[in-house]
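J.: Sharing target26.tsv, TSV, C-alpha atoms and all ligand atoms:
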chain	number	residue	atom	x	y	z
A	17	VAL	CA	-57.38	5.58	-15.29
A	18	GLY	CA	-53.86	4.38	-15.77
A	19	ARG	CA	-50.58	5.55	-14.58
A	20	VAL	CA	-47.57	6.05	-16.74
A	21	SER	CA	-44.12	5.92	-15.32
A	22	ILE	CA	-41.38	7.48	-17.29
A	23	VAL	CA	-37.96	6.23	-16.46
A	24	PHE	CA	-35.00	8.19	-17.72
A	25	LEU	CA	-32.16	5.86	-18.45
A	26	THR	CA	-28.71	7.34	-18.57
A	27	ASN	CA	-26.18	5.10	-20.13
A	28	VAL	CA	-22.89	4.68	-18.39
A	29	ALA	CA	-20.08	2.31	-19.30
A	30	SER	CA	-19.78	-0.54	-16.81
A	31	VAL	CA	-16.60	-2.04	-18.17
A	32	THR	CA	-13.21	-0.62	-19.23
A	33	PRO	CA	-11.49	-1.37	-22.55
A	34	TRP	CA	-9.31	-3.87	-20.65
A	35	SER	CA	-12.42	-5.60	-19.23
A	36	ALA	CA	-12.27	-4.33	-15.67
A	37	PRO	CA	-15.68	-3.66	-14.11
A	38	ILE	CA	-16.76	-0.08	-13.36
A	39	ILE	CA	-19.02	-0.11	-10.30
A	40	TRP	CA	-22.21	1.94	-10.53
A	41	GLU	CA	-25.51	1.56	-8.73
A	42	GLY	CA	-27.35	-1.25	-10.51
A	43	THR	CA	-24.26	-3.15	-11.69
A	44	PHE	CA	-24.19	-5.46	-8.65
A	45	ASP	CA	-26.54	-7.13	-6.19
A	46	PRO	CA	-25.53	-5.92	-2.71
A	47	ILE	CA	-27.34	-8.71	-0.85
A	48	LEU	CA	-25.85	-11.49	-2.92
A	49	ILE	CA	-22.34	-10.09	-2.92
A	50	ASP	CA	-22.48	-9.47	0.85
A	51	SER	CA	-23.49	-13.05	1.54
A	52	ILE	CA	-20.60	-14.34	-0.57
A	53	TYR	CA	-17.97	-12.14	1.07
A	54	LYS	CA	-19.21	-12.68	4.65
A	55	GLN	CA	-17.92	-16.25	4.60
A	56	GLN	CA	-14.40	-15.01	3.90
A	57	ASN	CA	-13.96	-13.02	7.10
A	58	LEU	CA	-11.82	-10.33	5.48
A	59	THR	CA	-10.00	-7.48	7.17
A	60	ILE	CA	-10.07	-4.12	5.42
A	61	ALA	CA	-7.67	-1.37	6.45
A	62	THR	CA	-8.58	2.24	5.80
A	63	THR	CA	-6.22	5.17	6.15
A	64	VAL	CA	-6.86	8.90	6.45
A	65	PHE	CA	-4.51	11.76	7.30
A	66	ALA	CA	-5.61	14.81	9.28
A	67	LEU	CA	-2.97	17.45	9.85
A	68	GLY	CA	-3.40	21.03	11.02
A	69	LYS	CA	-6.93	22.32	10.56
A	70	TYR	CA	-8.00	19.19	8.72
A	71	THR	CA	-8.60	17.56	12.11
A	72	ARG	CA	-12.02	19.25	11.96
A	73	PHE	CA	-13.09	16.74	9.32
A	74	VAL	CA	-12.39	13.63	11.41
A	75	LYS	CA	-15.62	13.50	13.39
A	76	ASP	CA	-18.00	13.54	10.42
A	77	PHE	CA	-15.79	11.15	8.48
A	78	LEU	CA	-15.79	8.57	11.28
A	79	GLU	CA	-19.44	8.96	12.25
A	80	SER	CA	-20.59	8.63	8.65
A	81	ALA	CA	-18.25	5.67	8.08
A	82	GLU	CA	-19.87	3.90	11.03
A	83	GLN	CA	-23.16	4.27	9.25
A	84	HIS	CA	-22.28	3.46	5.65
A	85	TYR	CA	-18.77	2.05	5.20
A	86	PHE	CA	-18.61	-1.75	5.24
A	87	MET	CA	-20.24	-3.26	8.26
A	88	GLY	CA	-18.96	-5.51	10.84
A	89	GLU	CA	-17.95	-6.04	14.41
A	90	ASN	CA	-14.37	-5.99	15.63
A	91	ARG	CA	-13.62	-2.58	14.23
A	92	SER	CA	-10.54	-0.98	15.64
A	93	LEU	CA	-9.10	2.49	15.28
A	94	THR	CA	-5.42	3.38	15.59
A	95	VAL	CA	-4.01	6.90	15.74
A	96	ARG	CA	-0.46	7.66	14.63
A	97	LYS	CA	1.54	10.86	14.74
A	98	VAL	CA	3.07	11.75	11.41
A	99	GLN	CA	5.46	14.44	10.27
A	100	SER	CA	3.78	17.58	9.01
A	101	PHE	CA	4.90	20.08	6.39
A	102	LYS	CA	4.47	23.78	5.79
A	103	ARG	CA	2.76	23.42	2.40
A	104	TRP	CA	-0.50	21.54	1.89
A	105	GLN	CA	0.97	20.08	-1.29
A	106	ASP	CA	3.77	18.47	0.71
A	107	ILE	CA	1.30	17.13	3.28
A	108	SER	CA	-0.78	15.61	0.51
A	109	MET	CA	2.18	14.13	-1.39
A	110	SER	CA	3.92	12.78	1.70
A	111	ARG	CA	1.02	10.38	2.20
A	112	MET	CA	2.50	8.07	-0.43
A	113	GLU	CA	5.69	7.50	1.56
A	114	GLN	CA	3.83	7.23	4.87
A	115	LEU	CA	1.52	4.65	3.38
A	116	GLU	CA	4.37	2.70	1.83
A	117	LYS	CA	6.08	2.40	5.24
A	118	LEU	CA	2.84	1.72	7.11
A	119	ILE	CA	1.99	-1.16	4.79
A	120	GLU	CA	5.51	-2.59	5.01
A	121	ASN	CA	5.84	-2.32	8.77
A	122	GLU	CA	2.37	-3.15	9.98
A	123	LEU	CA	-0.55	-3.60	7.68
A	124	ALA	CA	0.80	-6.19	5.24
A	125	SER	CA	0.32	-8.99	7.75
A	126	GLU	CA	-2.87	-7.64	9.29
A	127	ALA	CA	-5.27	-6.81	6.47
A	128	ASP	CA	-6.49	-8.29	3.20
A	129	TYR	CA	-7.43	-5.04	1.50
A	130	ILE	CA	-6.74	-1.36	2.04
A	131	PHE	CA	-8.40	1.90	1.03
A	132	CYS	CA	-6.58	5.23	1.28
A	133	LEU	CA	-8.97	8.17	1.53
A	134	ASP	CA	-8.99	11.95	1.89
A	135	ILE	CA	-10.30	13.20	5.24
A	136	ASP	CA	-12.28	16.20	3.90
A	137	THR	CA	-15.01	13.77	2.99
A	138	LYS	CA	-18.16	12.15	4.27
A	139	PHE	CA	-20.16	8.98	3.56
A	140	TYR	CA	-23.80	9.36	2.50
A	141	GLY	CA	-24.59	5.93	1.08
A	142	PRO	CA	-23.38	2.34	1.16
A	143	TRP	CA	-19.75	1.53	0.37
A	144	GLY	CA	-19.32	-2.23	0.72
A	145	VAL	CA	-17.63	-5.36	-0.58
A	146	GLU	CA	-18.53	-4.51	-4.18
A	147	THR	CA	-15.52	-2.16	-4.04
A	148	LEU	CA	-12.95	-4.84	-3.20
A	149	GLY	CA	-10.38	-5.80	-5.79
A	150	ARG	CA	-6.68	-6.28	-6.44
A	151	LEU	CA	-6.13	-2.69	-7.59
A	152	VAL	CA	-8.96	-0.17	-7.35
A	153	GLY	CA	-9.17	3.39	-8.73
A	154	VAL	CA	-11.99	5.92	-8.54
A	155	ILE	CA	-12.99	8.01	-11.55
A	156	HIS	CA	-12.60	11.70	-10.71
A	157	PRO	CA	-15.98	13.42	-10.17
A	158	TRP	CA	-15.10	16.48	-12.24
A	159	LEU	CA	-13.80	14.64	-15.28
A	160	PHE	CA	-15.85	11.45	-15.63
A	161	ASP	CA	-17.81	12.97	-18.47
A	162	ALA	CA	-14.99	14.90	-20.10
A	163	PRO	CA	-13.09	14.00	-23.27
A	164	ARG	CA	-9.50	12.89	-22.78
A	165	ASN	CA	-8.04	16.15	-24.04
A	166	ARG	CA	-9.51	17.87	-20.98
A	167	PHE	CA	-7.95	15.47	-18.47
A	168	THR	CA	-5.61	17.39	-16.18
A	169	TYR	CA	-2.69	14.98	-16.48
A	170	GLU	CA	0.86	16.29	-16.06
A	171	ARG	CA	1.87	17.46	-19.53
A	172	ARG	CA	5.53	18.40	-19.02
A	173	PRO	CA	7.87	15.62	-20.20
A	174	GLU	CA	10.35	16.67	-17.47
A	175	SER	CA	8.06	15.20	-14.80
A	176	GLN	CA	7.88	11.50	-13.98
A	177	ALA	CA	4.08	11.90	-14.05
A	178	TYR	CA	4.10	12.98	-17.73
A	179	ILE	CA	1.34	11.58	-19.92
A	180	PRO	CA	1.37	12.51	-23.64
A	181	ALA	CA	-1.73	14.01	-25.23
A	182	ASP	CA	-2.82	10.83	-27.01
A	183	GLU	CA	-2.53	8.53	-23.97
A	184	GLY	CA	-4.59	7.90	-20.87
A	185	ASP	CA	-7.75	5.94	-20.09
A	186	TYR	CA	-9.55	7.80	-17.31
A	187	TYR	CA	-8.75	10.63	-14.95
A	188	TYR	CA	-8.59	9.16	-11.47
A	189	ALA	CA	-9.14	10.93	-8.14
A	190	GLY	CA	-6.23	11.21	-5.73
A	191	ALA	CA	-8.68	11.18	-2.84
A	192	ALA	CA	-9.50	7.44	-2.96
A	193	PHE	CA	-7.65	4.36	-4.12
A	194	GLY	CA	-7.20	0.86	-2.81
A	195	GLY	CA	-6.67	-2.81	-3.40
A	196	SER	CA	-4.66	-5.69	-2.00
A	197	LEU	CA	-1.89	-4.77	0.40
A	198	GLU	CA	0.71	-6.00	-2.07
A	199	ASP	CA	-0.65	-3.96	-4.97
A	200	VAL	CA	-1.18	-0.79	-2.95
A	201	HIS	CA	2.31	-1.17	-1.51
A	202	HIS	CA	3.72	-1.29	-5.03
A	203	LEU	CA	1.59	1.74	-5.99
A	204	THR	CA	2.67	3.86	-3.02
A	205	LYS	CA	6.33	2.82	-3.36
A	206	THR	CA	6.37	3.67	-7.08
A	207	CYS	CA	4.65	7.04	-6.57
A	208	ARG	CA	7.02	7.87	-3.68
A	209	GLU	CA	10.02	7.10	-5.89
A	210	LYS	CA	8.68	9.25	-8.74
A	211	LEU	CA	7.82	12.12	-6.36
A	212	HIS	CA	11.40	12.04	-5.07
A	213	ILE	CA	12.86	12.09	-8.58
A	214	ASP	CA	10.65	15.06	-9.46
A	215	ALA	CA	11.69	16.86	-6.26
A	216	ALA	CA	15.37	16.27	-7.06
A	217	ASN	CA	14.72	17.83	-10.48
A	218	SER	CA	12.85	20.77	-8.90
A	219	ILE	CA	9.57	19.94	-10.57
A	220	GLU	CA	6.21	19.38	-8.89
A	221	ALA	CA	3.47	17.70	-10.90
A	222	VAL	CA	0.42	19.85	-11.58
A	223	TRP	CA	-1.81	17.85	-9.20
A	224	GLN	CA	0.93	16.50	-6.98
A	225	GLU	CA	0.56	12.80	-6.08
A	226	GLU	CA	-2.75	12.65	-7.97
A	227	SER	CA	-0.74	13.20	-11.18
A	228	HIS	CA	1.62	10.37	-10.25
A	229	LEU	CA	-1.32	8.13	-9.36
A	230	ASN	CA	-2.76	8.77	-12.82
A	231	LYS	CA	0.55	7.83	-14.43
A	232	TYR	CA	0.70	4.68	-12.29
A	233	PHE	CA	-2.81	3.62	-13.31
A	234	LEU	CA	-1.95	4.24	-16.97
A	235	LEU	CA	0.93	1.77	-16.73
A	236	ASN	CA	-0.67	-0.59	-14.18
A	237	LYS	CA	-4.33	-0.92	-15.13
A	238	PRO	CA	-6.69	-1.11	-12.14
A	239	SER	CA	-8.57	-4.40	-11.88
A	240	LYS	CA	-11.69	-2.51	-10.81
A	241	LEU	CA	-12.91	1.08	-11.19
A	242	LEU	CA	-15.39	2.82	-8.94
A	243	SER	CA	-17.74	5.36	-10.47
A	244	PRO	CA	-17.86	8.91	-9.07
A	245	GLU	CA	-20.67	7.69	-6.76
A	246	TYR	CA	-17.69	6.69	-4.61
A	247	MET	CA	-16.01	10.13	-4.59
A	248	TRP	CA	-18.50	12.83	-5.48
A	249	ARG	CA	-17.99	16.59	-5.84
A	250	ASP	CA	-20.29	17.82	-3.11
A	251	ILE	CA	-23.50	16.50	-1.59
A	252	ASN	CA	-25.42	19.44	-3.10
A	253	GLU	CA	-24.25	18.75	-6.66
A	254	SER	CA	-26.12	16.44	-8.99
A	255	ALA	CA	-25.55	14.80	-12.36
A	256	ALA	CA	-27.87	12.57	-14.39
A	257	GLN	CA	-25.51	9.60	-14.14
A	258	ILE	CA	-25.26	9.71	-10.35
A	259	LYS	CA	-28.14	7.79	-8.75
A	260	VAL	CA	-26.54	7.40	-5.34
A	261	ILE	CA	-23.95	9.53	-3.65
A	262	ARG	CA	-21.99	7.17	-1.44
A	263	PHE	CA	-18.94	9.25	-0.52
A	264	SER	CA	-18.36	12.90	-1.21
A	265	ASN	CA	-15.99	15.77	-0.68
A	266	VAL	CA	-17.23	18.22	1.91
A	267	ALA	CA	-17.16	21.90	1.04
A	268	LYS	CA	-14.16	23.66	2.52
A	269	ASN	CA	-12.89	27.20	2.63
A	270	TYR	CA	-9.49	26.61	1.03
A	271	ALA	CA	-7.98	29.87	2.24
A	272	GLU	CA	-9.06	29.26	5.81
A	273	VAL	CA	-8.28	25.57	6.18
A	274	ARG	CA	-5.00	25.20	4.28
A	275	PRO	CA	-1.66	26.44	5.62
A	276	ASN	CA	-0.77	28.08	2.25
A	277	PRO	CA	-2.47	28.97	-1.05
B	301	LIG	C1	-11.12	14.85	-4.67
B	301	LIG	C2	-9.67	14.62	-4.92
B	301	LIG	O1	-9.30	13.77	-5.72
B	301	LIG	N1	-8.82	15.38	-4.15
B	301	LIG	C3	-7.37	15.49	-4.45
B	301	LIG	C4	-7.04	16.92	-4.82
B	301	LIG	O2	-7.33	18.02	-3.96
B	301	LIG	P1	-8.04	18.29	-2.51
B	301	LIG	O3	-8.54	19.68	-2.51
B	301	LIG	O4	-9.04	17.27	-2.17
B	301	LIG	O5	-6.76	18.19	-1.48
B	301	LIG	P2	-6.87	18.35	0.10
B	301	LIG	O6	-6.73	19.78	0.49
B	301	LIG	O7	-8.05	17.61	0.62
B	301	LIG	O8	-5.53	17.58	0.56
B	301	LIG	C5	-5.44	16.17	0.46
B	301	LIG	C6	-5.39	15.52	1.85
B	301	LIG	O9	-4.18	15.87	2.53
B	301	LIG	C7	-4.42	15.97	3.93
B	301	LIG	N2	-4.16	17.35	4.40
B	301	LIG	C8	-3.97	18.37	3.51
B	301	LIG	C9	-3.68	19.65	3.96
B	301	LIG	C10	-3.60	19.91	5.35
B	301	LIG	O10	-3.35	21.04	5.81
B	301	LIG	N3	-3.82	18.88	6.21
B	301	LIG	C11	-4.11	17.61	5.77
B	301	LIG	O11	-4.32	16.72	6.58
B	301	LIG	C12	-5.86	15.55	4.16
B	301	LIG	O12	-5.92	14.16	4.39
B	301	LIG	C13	-6.51	15.90	2.82
B	301	LIG	O13	-7.72	15.17	2.64
B	301	LIG	O14	-5.64	17.00	-5.15
B	301	LIG	C14	-4.77	16.66	-4.09
B	301	LIG	C15	-3.34	16.82	-4.60
B	301	LIG	O15	-3.24	17.97	-5.39
B	301	LIG	C16	-5.03	15.24	-3.60
B	301	LIG	O16	-4.67	14.30	-4.62
B	301	LIG	C17	-6.49	15.09	-3.26
B	301	LIG	O17	-6.72	13.75	-2.87
B	302	MN	MN	-9.60	16.47	-0.31
Could you write out this structure as C-alpha cells?
Ligand SMILES: CC(=O)N[C@H]1[C@@H](OP(=O)(O)OP(=O)(O)OC[C@H]2O[C@@H](n3ccc(=O)[nH]c3=O)[C@H](O)[C@@H]2O)O[C@H](CO)[C@H](O)[C@@H]1O
Ligand SMILES: [Mn+2]

T.:
Amino acid sequence: VGRVSIVFLTNVASVTPWSAPIIWEGTFDPILIDSIYKQQNLTIATTVFALGKYTRFVKDFLESAEQHYFMGENRSLTVRKVQSFKRWQDISMSRMEQLEKLIENELASEADYIFCLDIDTKFYGPWGVETLGRLVGVIHPWLFDAPRNRFTYERRPESQAYIPADEGDYYYAGAAFGGSLEDVHHLTKTCREKLHIDAANSIEAVWQEESHLNKYFLLNKPSKLLSPEYMWRDINESAAQIKVIRFSNVAKNYAEVRPNP
C-alpha cells in the first residue's frame, strides 16, 4: 500500500522586470538569513499612527508584533502626540509629513531601517530580516493578481499622482512600506510635497497618499517587493498563492470607526 501526495504548485513571480526580488514563502531560508543578519546588530524603526477610535487597534498590533515581528532584545516603544484632523483621509495623508519630520529630527541617526505600517492590522506569521532593503514596497492584496488596467492608480492628469493607462509596474499598498532611513525620508518628503501641490490645486488623489506612493514607486523602483503575505486582506480570506499570512488587515466597521464617510 503506497501513499500518494499531490502537491499543488502555484506559480508566482519572484523577481520584478528590474531584477528586484519579490519575497514569498519559499524564496528565502529564514534560518540562514537570520544568522547572517544577527552579526550586524541592526536597529529597525517601526511607525504606526492611532488617532481617534483607531486606538482600539494598538493592543493587538503590539501583542502580535511581539510574537512575530523581528525578534530581539532591547526593544523600546515611544509614544508621540500628533495633530489630528476631521477627515480620515487627512489623518491618513498627514502621515507622510509626520514621518518626514520624524526621520529628519530623530530617527535618521538612531535606526538602520524603518517600516511604516497601518495600525488596523495584526501579525499572524513571521516578518523578519528577509524584508530588509534599501526601498521596500508591498504588493496590494486586492490587486496582486489583477491586470494593469484594473490598478486603481490616479488617472486624472491634474493630480501629481497621475499615472497614464499604459504605465505602472505593480499596485502597491499604502499600509506598509519601508527601507533605509535615507530612502524613506526621500519617499515621505516627495509624497508630502506632491500632496501639498494637489491640495493647493484643490484635488485629492483617488486613494490619497497611497496614490502618491504608487507614483513614487513608478519613478523610484523599489529594491525589494514583499508579496501580499506581508499585507493580507483579512485573516479569513484565502488565495492559492498565499501559503502564509504574516500580516493582515483586521476587519473594521468603517462607519463606526472613522470620523467621516
Ligand atoms: C491596506 C491598505 O493599503 N490600506 C490603505 C487604504 O485604506 P485603509 O482602509 O486601510 O485606511 P485606514 O482607515 O486604515 O487609514 C489609514 C491609517 O490612518 C490612521 N487613521 C485613520 C483614520 C483615523 O480615524 N485614525 C487613524 O489613526 C491609522 O493609522 C490607519 O491605519 O488607503 C488609505 C488611503 O486611502 C491608506 O493608504 C491605507 O494605508
Ligand atoms: Mn488600514

J.: List as a Markdown table every residue of chain A that is in contact with ligand LIG 301 (chain B), defined as an atom at most 6 Å from one of its atoms (using only C-alpha atoms and all ligand atoms), together with the nearest atom pair and the distance in Å rounded to one decimal, sorted by chain and then rising number.

T.:
| residue | atom | partner | partner_atom | distance |
| --- | --- | --- | --- | --- |
| A:Val64 | CA | B:LIG301 | O12 | 5.7 |
| A:Phe65 | CA | B:LIG301 | O12 | 4.0 |
| A:Ala66 | CA | B:LIG301 | O11 | 3.5 |
| A:Leu67 | CA | B:LIG301 | O11 | 3.6 |
| A:Gly68 | CA | B:LIG301 | O10 | 5.2 |
| A:Tyr70 | CA | B:LIG301 | N3 | 4.9 |
| A:Trp104 | CA | B:LIG301 | C9 | 4.2 |
| A:Ile107 | CA | B:LIG301 | C8 | 5.4 |
| A:Ser108 | CA | B:LIG301 | O9 | 4.0 |
| A:Asp134 | CA | B:LIG301 | O13 | 3.5 |
| A:Ile135 | CA | B:LIG301 | O13 | 4.2 |
| A:Asp136 | CA | B:LIG301 | O13 | 4.8 |
| A:Ala189 | CA | B:LIG301 | O1 | 3.7 |
| A:Gly190 | CA | B:LIG301 | O16 | 3.6 |
| A:Ala191 | CA | B:LIG301 | O17 | 3.2 |
| A:Trp223 | CA | B:LIG301 | O15 | 4.1 |
| A:Gln224 | CA | B:LIG301 | O15 | 4.7 |
| A:Glu225 | CA | B:LIG301 | O16 | 5.6 |
| A:Glu226 | CA | B:LIG301 | O16 | 4.2 |
| A:Arg274 | CA | B:LIG301 | O10 | 4.7 |
| A:Pro275 | CA | B:LIG301 | O10 | 5.7 |

J.: Using only C-alpha atoms, which of the listed residues (A:Lys231, A:His212, A:Lys237, A:Arg150) sits closest to Pro180 in chain A?

T.: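 Counting only C-alpha atoms, the residue closest to Pro180 in chain A is A:Lys231.
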
J.: Tell me which of A:Phe139, A:Tyr169, A:Tyr186, A:Tyr270 sits closest to ligand MN 302 (chain B), counting only C-alpha atoms and all ligand atoms.

T.: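 That would be A:Tyr270, the residue with the smallest distance to ligand MN 302 (chain B).
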
J.: Mind giving me the straight-line distance from CA of Phe86 in chain A to CA of Gly194 in chain A in Å, one decimal?

T.: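 Atom-to-atom, CA of Phe86 in chain A and CA of Gly194 in chain A are spaced 14.2 Å apart.
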
J.: Neighbouring residues of range 151-163 of chain A were defined as those with any atom within 9 Å, considering only C-alpha atoms; residues of the same chain fewer than 2 positions away were excluded. Please report them as an mmCIF file with C-alpha atoms, in the coordinates of the input.

T.:
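Result file is out-v2.cif:
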data_model
loop_
_atom_site.group_PDB
_atom_site.id
_atom_site.type_symbol
_atom_site.label_atom_id
_atom_site.label_comp_id
_atom_site.auth_asym_id
_atom_site.auth_seq_id
_atom_site.Cartn_x
_atom_site.Cartn_y
_atom_site.Cartn_z
ATOM 1 C CA PHE A 131 -8.400 1.900 1.030
ATOM 2 C CA THR A 147 -15.520 -2.160 -4.040
ATOM 3 C CA LEU A 148 -12.950 -4.840 -3.200
ATOM 4 C CA GLY A 149 -10.380 -5.800 -5.790
ATOM 5 C CA ASN A 165 -8.040 16.150 -24.040
ATOM 6 C CA ARG A 166 -9.510 17.870 -20.980
ATOM 7 C CA PHE A 167 -7.950 15.470 -18.470
ATOM 8 C CA THR A 168 -5.610 17.390 -16.180
ATOM 9 C CA TYR A 186 -9.550 7.800 -17.310
ATOM 10 C CA TYR A 187 -8.750 10.630 -14.950
ATOM 11 C CA TYR A 188 -8.590 9.160 -11.470
ATOM 12 C CA ALA A 189 -9.140 10.930 -8.140
ATOM 13 C CA GLY A 190 -6.230 11.210 -5.730
ATOM 14 C CA ALA A 191 -8.680 11.180 -2.840
ATOM 15 C CA ALA A 192 -9.500 7.440 -2.960
ATOM 16 C CA PHE A 193 -7.650 4.360 -4.120
ATOM 17 C CA GLY A 194 -7.200 0.860 -2.810
ATOM 18 C CA GLY A 195 -6.670 -2.810 -3.400
ATOM 19 C CA SER A 196 -4.660 -5.690 -2.000
ATOM 20 C CA ASP A 199 -0.650 -3.960 -4.970
ATOM 21 C CA VAL A 200 -1.180 -0.790 -2.950
ATOM 22 C CA PHE A 233 -2.810 3.620 -13.310
ATOM 23 C CA ASN A 236 -0.670 -0.590 -14.180
ATOM 24 C CA LYS A 237 -4.330 -0.920 -15.130
ATOM 25 C CA PRO A 238 -6.690 -1.110 -12.140
ATOM 26 C CA SER A 239 -8.570 -4.400 -11.880
ATOM 27 C CA LYS A 240 -11.690 -2.510 -10.810
ATOM 28 C CA LEU A 241 -12.910 1.080 -11.190
ATOM 29 C CA LEU A 242 -15.390 2.820 -8.940
ATOM 30 C CA SER A 243 -17.740 5.360 -10.470
ATOM 31 C CA PRO A 244 -17.860 8.910 -9.070
ATOM 32 C CA GLU A 245 -20.670 7.690 -6.760
ATOM 33 C CA TYR A 246 -17.690 6.690 -4.610
ATOM 34 C CA MET A 247 -16.010 10.130 -4.590
ATOM 35 C CA TRP A 248 -18.500 12.830 -5.480
ATOM 36 C CA ARG A 249 -17.990 16.590 -5.840
#

J.: Between A:Ile219, A:Cys207, A:Ile49, A:Ala267, which residue has the minimum interatomic distance to ligand MN 302 (chain B), considering all atoms listed in the file?

T.: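 Among the listed residues, A:Ala267 lies closest to ligand MN 302 (chain B).
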
J.: Choose the residue, out of A:Ala177, A:Leu58, A:Leu133, A:Ala255, that has the smallest atom-to-atom separation from ligand MN 302 (chain B); count all atoms listed in the file.

T.: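 Among the listed residues, the smallest separation from ligand MN 302 (chain B) belongs to A:Leu133.
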
J.: Identify, on the basis of all atoms listed in the file, every residue whose closest approach to Ile213 in chain A does not exceed 9 Å; exclude the query and any residue fewer than 5 positions from it along the same chain; express the result as a JSON list (two decimals) with C-alpha atoms, in the coordinates of the input.

T.:
[["chain", "number", "residue", "atom", "x", "y", "z"],
["A", 175, "SER", "CA", 8.06, 15.20, -14.80],
["A", 176, "GLN", "CA", 7.88, 11.50, -13.98],
["A", 208, "ARG", "CA", 7.02, 7.87, -3.68],
["A", 218, "SER", "CA", 12.85, 20.77, -8.90],
["A", 219, "ILE", "CA", 9.57, 19.94, -10.57]]

J.: Enclose range 228-231 of chain A, meaning all of its atoms listed in the file, in a box aligned along x, y and z, pad it by 5 Å on each side, and list the centre and edge lengths in Å to one decimal, as lines of an AutoDock Vina configuration file.

T.:
center_x = -0.6
center_y = 9.1
center_z = -11.9
size_x = 14.4
size_y = 12.5
size_z = 15.1

J.: Within 7 Å of Ser80 in chain A, counting all atoms listed in the file, which residues show up once you throw out same-chain ones fewer than 4 positions away? Write them as an NGL selection string, please.

T.: :A and (76 or 84 or 138-140)

J.: By how many Å are CA of Ala256 in chain A and CA of Ile39 in chain A apart?

T.: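 Atom-to-atom, CA of Ala256 in chain A and CA of Ile39 in chain A are spaced 16.0 Å apart.
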
J.: Restricting the calculation to only C-alpha atoms and all ligand atoms, which member of A:Val95, A:Val28, A:Ala215, A:Cys132 is positioned closest to ligand MN 302 (chain B)?

T.: A:Cys132

J.: Figure out the distance between CA of Ser264 in chain A and CA of Leu78 in chain A, please, to one decimal in Å.

T.: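 It comes out at 13.5 Å.
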
J.: If you keep C-alpha atoms, can you output range 23-57 of chain A as a PDB file, in the first residue's frame?

T.:
ATOM      1  CA  VAL A  23       1.265  18.951  -4.258  1.00  0.00           C
ATOM      2  CA  PHE A  24      -0.411  21.856  -5.966  1.00  0.00           C
ATOM      3  CA  LEU A  25       2.176  24.296  -7.148  1.00  0.00           C
ATOM      4  CA  THR A  26       1.046  27.813  -7.808  1.00  0.00           C
ATOM      5  CA  ASN A  27       3.491  29.828  -9.761  1.00  0.00           C
ATOM      6  CA  VAL A  28       4.278  33.290  -8.571  1.00  0.00           C
ATOM      7  CA  ALA A  29       6.894  35.664  -9.926  1.00  0.00           C
ATOM      8  CA  SER A  30       9.807  36.061  -7.529  1.00  0.00           C
ATOM      9  CA  VAL A  31      11.591  38.817  -9.382  1.00  0.00           C
ATOM     10  CA  THR A  32      10.499  42.122 -10.958  1.00  0.00           C
ATOM     11  CA  PRO A  33      11.354  43.204 -14.518  1.00  0.00           C
ATOM     12  CA  TRP A  34      14.096  45.398 -12.998  1.00  0.00           C
ATOM     13  CA  SER A  35      15.529  42.391 -11.109  1.00  0.00           C
ATOM     14  CA  ALA A  36      14.350  43.234  -7.615  1.00  0.00           C
ATOM     15  CA  PRO A  37      13.380  40.200  -5.528  1.00  0.00           C
ATOM     16  CA  ILE A  38       9.725  39.620  -4.597  1.00  0.00           C
ATOM     17  CA  ILE A  39       9.583  37.885  -1.223  1.00  0.00           C
ATOM     18  CA  TRP A  40       7.228  34.924  -0.931  1.00  0.00           C
ATOM     19  CA  GLU A  41       7.309  31.925   1.370  1.00  0.00           C
ATOM     20  CA  GLY A  42       9.885  29.549  -0.096  1.00  0.00           C
ATOM     21  CA  THR A  43      12.059  32.205  -1.760  1.00  0.00           C
ATOM     22  CA  PHE A  44      14.423  32.522   1.221  1.00  0.00           C
ATOM     23  CA  ASP A  45      15.903  30.432   4.011  1.00  0.00           C
ATOM     24  CA  PRO A  46      14.861  32.100   7.296  1.00  0.00           C
ATOM     25  CA  ILE A  47      17.492  30.332   9.412  1.00  0.00           C
ATOM     26  CA  LEU A  48      20.373  31.183   7.115  1.00  0.00           C
ATOM     27  CA  ILE A  49      19.331  34.779   6.557  1.00  0.00           C
ATOM     28  CA  ASP A  50      18.771  35.304  10.309  1.00  0.00           C
ATOM     29  CA  SER A  51      22.244  34.049  11.136  1.00  0.00           C
ATOM     30  CA  ILE A  52      23.772  36.428   8.588  1.00  0.00           C
ATOM     31  CA  TYR A  53      21.881  39.497   9.793  1.00  0.00           C
ATOM     32  CA  LYS A  54      22.364  38.785  13.529  1.00  0.00           C
ATOM     33  CA  GLN A  55      26.041  39.684  13.260  1.00  0.00           C
ATOM     34  CA  GLN A  56      25.152  43.153  12.009  1.00  0.00           C
ATOM     35  CA  ASN A  57      23.272  44.298  15.103  1.00  0.00           C
TER      36      ASN A  57
END
